[in-house]
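Following: one structure in structure tokens, then a few remarks.
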Amino acid sequence: MKILLIFGVVCSAGFFYVEGHGTLREPPQRSSVWRDERFASLNPTPNYDDGGLWCAGEKQDYAAEACGVCGDGFSVARPRPNENGGTYANGIITGRYRRGEEIPIAFELTAQHNGYFSVQICDDLTLESHECFQRRGFLPLAGGTTTKIDVTNRQGFVNTTVQLPPDLSCQYCVLRLYYRSCKDWGECDGVCDCPNPPGAMCCGPQEVVLNCADISVSL
Ligand SMILES: [Cu+2]
């Protein structure tokens, strides 16, 4: 019985590591393009740990600037594997849209860590940066003003629709998923309205996932 128990614990620990935390499947992020049959003929580089772009496990404040811009470990040299010019950035446009359009987003959650996700866009042709994504803010959900998709108690695919800016078109830009989990207790880090002290759940640094997808937006 004891042996069985130990085996079970080791197994689930290993399972969690490989399963990661979540991945943007629509439009497919750079590390997940290989999972999508629509792009098979373009030979995307497979990343079997595409659900694991969570800043190498470093918990993040709201700005997540201690994370690679596309979710890689911060200490990795640029371009990191998921950044423009990196191993998994094969230049495959996985979403083609029109200016101001409402576009479908699918985030596949592979761990249940609650929290929320949002979508950002960077239209700078040079190497993407946190600053570039922050410039336009988070995209609103279609038909509303809120920018956060709550994933409390959710697992598997979470589908939503966001609205592209009415004034943005680009032959090449980057869409970024920002997922902020809620599994740790902490104090306010400047942006939230948590009681300080004693703090609350979801306050302070949390596990964050960042995923980049190559897209284009026509006039
Ligand atoms: Cu986790």
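Residue names in the structure tokens use chain letters A, B, ... in the order shown, residue numbers from 1 in each chain, and ligand numbers from 1 in the order shown.
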
Dump the neighbourhood of ligand 1 as a list in words: all residues within 9 Å, distances computed on only C-alpha atoms and all ligand atoms. Phe16, Tyr17, Gly20, His21, Trp54, Gly57, Ala111, Gln112, His113, Ser181, Lys183, Glu207 and Val208 of chain A

Dump N, CA and C atoms for the selected residues as a PDB file, in the first residue's frame?
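Output (result-v5.pdb):
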```
ATOM      1  N   PHE A  16       2.095  16.515 -13.899  1.00  0.00           N
ATOM      2  CA  PHE A  16       1.880  17.955 -13.831  1.00  0.00           C
ATOM      3  C   PHE A  16       2.990  18.714 -14.544  1.00  0.00           C
ATOM      4  N   TYR A  17       4.206  18.240 -14.379  1.00  0.00           N
ATOM      5  CA  TYR A  17       5.335  18.940 -14.988  1.00  0.00           C
ATOM      6  C   TYR A  17       5.171  18.974 -16.505  1.00  0.00           C
ATOM      7  N   GLY A  20       2.096  21.087 -17.780  1.00  0.00           N
ATOM      8  CA  GLY A  20       2.243  22.541 -17.735  1.00  0.00           C
ATOM      9  C   GLY A  20       1.026  23.235 -17.182  1.00  0.00           C
ATOM     10  N   HIS A  21       0.738  24.407 -17.703  1.00  0.00           N
ATOM     11  CA  HIS A  21      -0.305  25.232 -17.110  1.00  0.00           C
ATOM     12  C   HIS A  21      -1.395  25.640 -18.081  1.00  0.00           C
ATOM     13  N   TRP A  54       5.550  29.434 -18.394  1.00  0.00           N
ATOM     14  CA  TRP A  54       5.140  30.161 -17.185  1.00  0.00           C
ATOM     15  C   TRP A  54       6.333  30.758 -16.475  1.00  0.00           C
ATOM     16  N   GLY A  57       8.650  29.189 -13.862  1.00  0.00           N
ATOM     17  CA  GLY A  57       8.179  28.996 -12.495  1.00  0.00           C
ATOM     18  C   GLY A  57       8.379  30.185 -11.578  1.00  0.00           C
ATOM     19  N   ALA A 111      -3.790  22.955 -16.197  1.00  0.00           N
ATOM     20  CA  ALA A 111      -3.757  22.855 -14.738  1.00  0.00           C
ATOM     21  C   ALA A 111      -4.856  23.772 -14.217  1.00  0.00           C
ATOM     22  N   GLN A 112      -5.455  23.398 -13.110  1.00  0.00           N
ATOM     23  CA  GLN A 112      -6.523  24.254 -12.584  1.00  0.00           C
ATOM     24  C   GLN A 112      -5.945  25.178 -11.525  1.00  0.00           C
ATOM     25  N   HIS A 113      -5.603  26.388 -11.945  1.00  0.00           N
ATOM     26  CA  HIS A 113      -4.984  27.355 -11.036  1.00  0.00           C
ATOM     27  C   HIS A 113      -5.848  28.600 -10.898  1.00  0.00           C
ATOM     28  N   SER A 181      -2.660  33.333 -12.690  1.00  0.00           N
ATOM     29  CA  SER A 181      -3.332  32.358 -11.842  1.00  0.00           C
ATOM     30  C   SER A 181      -3.715  32.989 -10.513  1.00  0.00           C
ATOM     31  N   LYS A 183      -3.567  31.327  -6.915  1.00  0.00           N
ATOM     32  CA  LYS A 183      -3.403  30.196  -6.015  1.00  0.00           C
ATOM     33  C   LYS A 183      -2.531  30.528  -4.824  1.00  0.00           C
ATOM     34  N   GLU A 207       1.715  32.741 -10.266  1.00  0.00           N
ATOM     35  CA  GLU A 207       2.188  32.096 -11.491  1.00  0.00           C
ATOM     36  C   GLU A 207       1.507  32.769 -12.681  1.00  0.00           C
ATOM     37  N   VAL A 208       2.307  33.066 -13.703  1.00  0.00           N
ATOM     38  CA  VAL A 208       1.814  33.756 -14.897  1.00  0.00           C
ATOM     39  C   VAL A 208       2.244  32.972 -16.137  1.00  0.00           C
TER      40      VAL A 208
END
```

Might you pull out every residue within 12 Å of Glu131 in chain A, with only C-alpha atoms counted and same-chain residues fewer than 2 positions away left off, and present them as a compact mmCIF listing (two decimals) with C-alpha atoms, in the first residue's frame?
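Dumped everything to around-v9.txt:
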```txt
# COMPACT_ATOMS: atom_id res chain seq x y z
CA ALA A 63 3.46 43.76 -14.99
CA ALA A 64 5.20 40.35 -15.30
CA GLU A 65 8.38 42.09 -16.38
CA VAL A 69 8.21 38.53 -23.12
CA GLN A 120 -2.75 41.99 -25.74
CA ILE A 121 -1.35 43.02 -29.09
CA CYS A 122 1.99 44.50 -30.19
CA ASP A 123 2.35 46.02 -33.66
CA ASP A 124 6.02 46.88 -33.46
CA LEU A 127 11.60 42.37 -31.27
CA GLU A 128 8.49 42.32 -29.08
CA SER A 129 8.74 43.91 -25.63
CA PHE A 133 2.19 44.98 -25.35
CA GLN A 134 1.31 47.37 -22.53
CA ARG A 135 1.00 50.35 -24.89
CA ARG A 136 -2.45 49.37 -26.18
CA GLY A 137 -3.69 47.82 -22.96
```

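Nearest to Thr126 in chain A of all the residues A:Val209, A:Leu109, A:Val174, A:Ala200 is A:Val174, based on only C-alpha atoms.
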
Residue nearest Pro81 in chain A among A:Arg25, A:Arg30, A:Arg96, A:Arg180 (counting only C-alpha atoms):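 Looking only at the distances to Pro81 in chain A, the closest residue turns out to be A:Arg30.
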
Nearest to Leu175 in chain A: which of A:Asn211, A:Thr147, A:Gln206, A:Asn84 is it, counting only C-alpha atoms?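 Among the listed residues, the smallest separation from Leu175 in chain A belongs to A:Asn211.
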
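In the backbone-derived DSSP annotation, strand (DSSP E) within range 44-121 of chain A comprises A:Gly95, A:Arg96, A:Tyr97, A:Arg98, A:Glu102, A:Ile103, A:Pro104, A:Ile105, A:Ala106, A:Phe107, A:Glu108, A:Leu109, A:Tyr116, A:Phe117, A:Ser118, A:Val119, A:Gln120, A:Ile121.
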
Contact residues around Leu139 in chain A with only C-alpha atoms at 10 Å, ignoring same-chain residues under 4 positions, as number ranges by chain: A: 118-121, 145-148, 161-165

So what do you get for CA of Pro205 in chain A versus CA of Asn159 in chain A, distance-wise?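 CA of Pro205 in chain A sits 25.9 Å away from CA of Asn159 in chain A.
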
Restricting the calculation to only C-alpha atoms, which member of A:Glu102, A:Asp214, A:Glu37, A:Asp150 is positioned closest to Tyr116 in chain A?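 Under the stated criterion, the closest residue is A:Asp150.
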
Between A:Tyr88, A:Phe74, A:Trp185, A:Phe138, which has the minimum distance to Tyr48 in chain A (counting only C-alpha atoms)? A:Tyr88

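The shortest atom-to-atom distance to Cys55 in chain A, with only C-alpha atoms taken into account, belongs to A:Tyr178 out of A:Tyr178, A:Trp34, A:Ala142, A:Gly204.
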
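The two atoms in question, CA of Thr160 in chain A and CA of Asn90 in chain A, are spaced 25.9 Å apart.
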
For Ser75 in chain A, find every residue with an atom within 12 Å (counting only C-alpha atoms), except residues of its own chain fewer than 2 positions away, and show them as a PyMOL selection string. chain A and resi 55-58+65-69+71-73+77-81

How many Å lie between CA of Ser169 in chain A and CA of Leu125 in chain A, rounded to one decimal?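 Distance reported for this atom pair: 12.3 Å.
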
Pull the helix (DSSP H, G or I) assignments for range 46-96 of chain A out of DSSP run on the backbone, and list those residues as an MDAnalysis selection string. chainID A and resid 50:52 55:57

Give me a file of those residues, with C-alpha atoms, as a PDB file, in the first residue's frame.
```
ATOM      1  CA  ASP A  50       4.054  24.191 -24.907  1.00  0.00           C
ATOM      2  CA  GLY A  51       1.795  24.394 -21.859  1.00  0.00           C
ATOM      3  CA  GLY A  52       4.792  25.276 -19.729  1.00  0.00           C
ATOM      4  CA  CYS A  55       8.286  32.211 -16.715  1.00  0.00           C
ATOM      5  CA  ALA A  56      10.307  29.145 -15.633  1.00  0.00           C
ATOM      6  CA  GLY A  57       8.179  28.996 -12.495  1.00  0.00           C
TER       7      GLY A  57
END
```
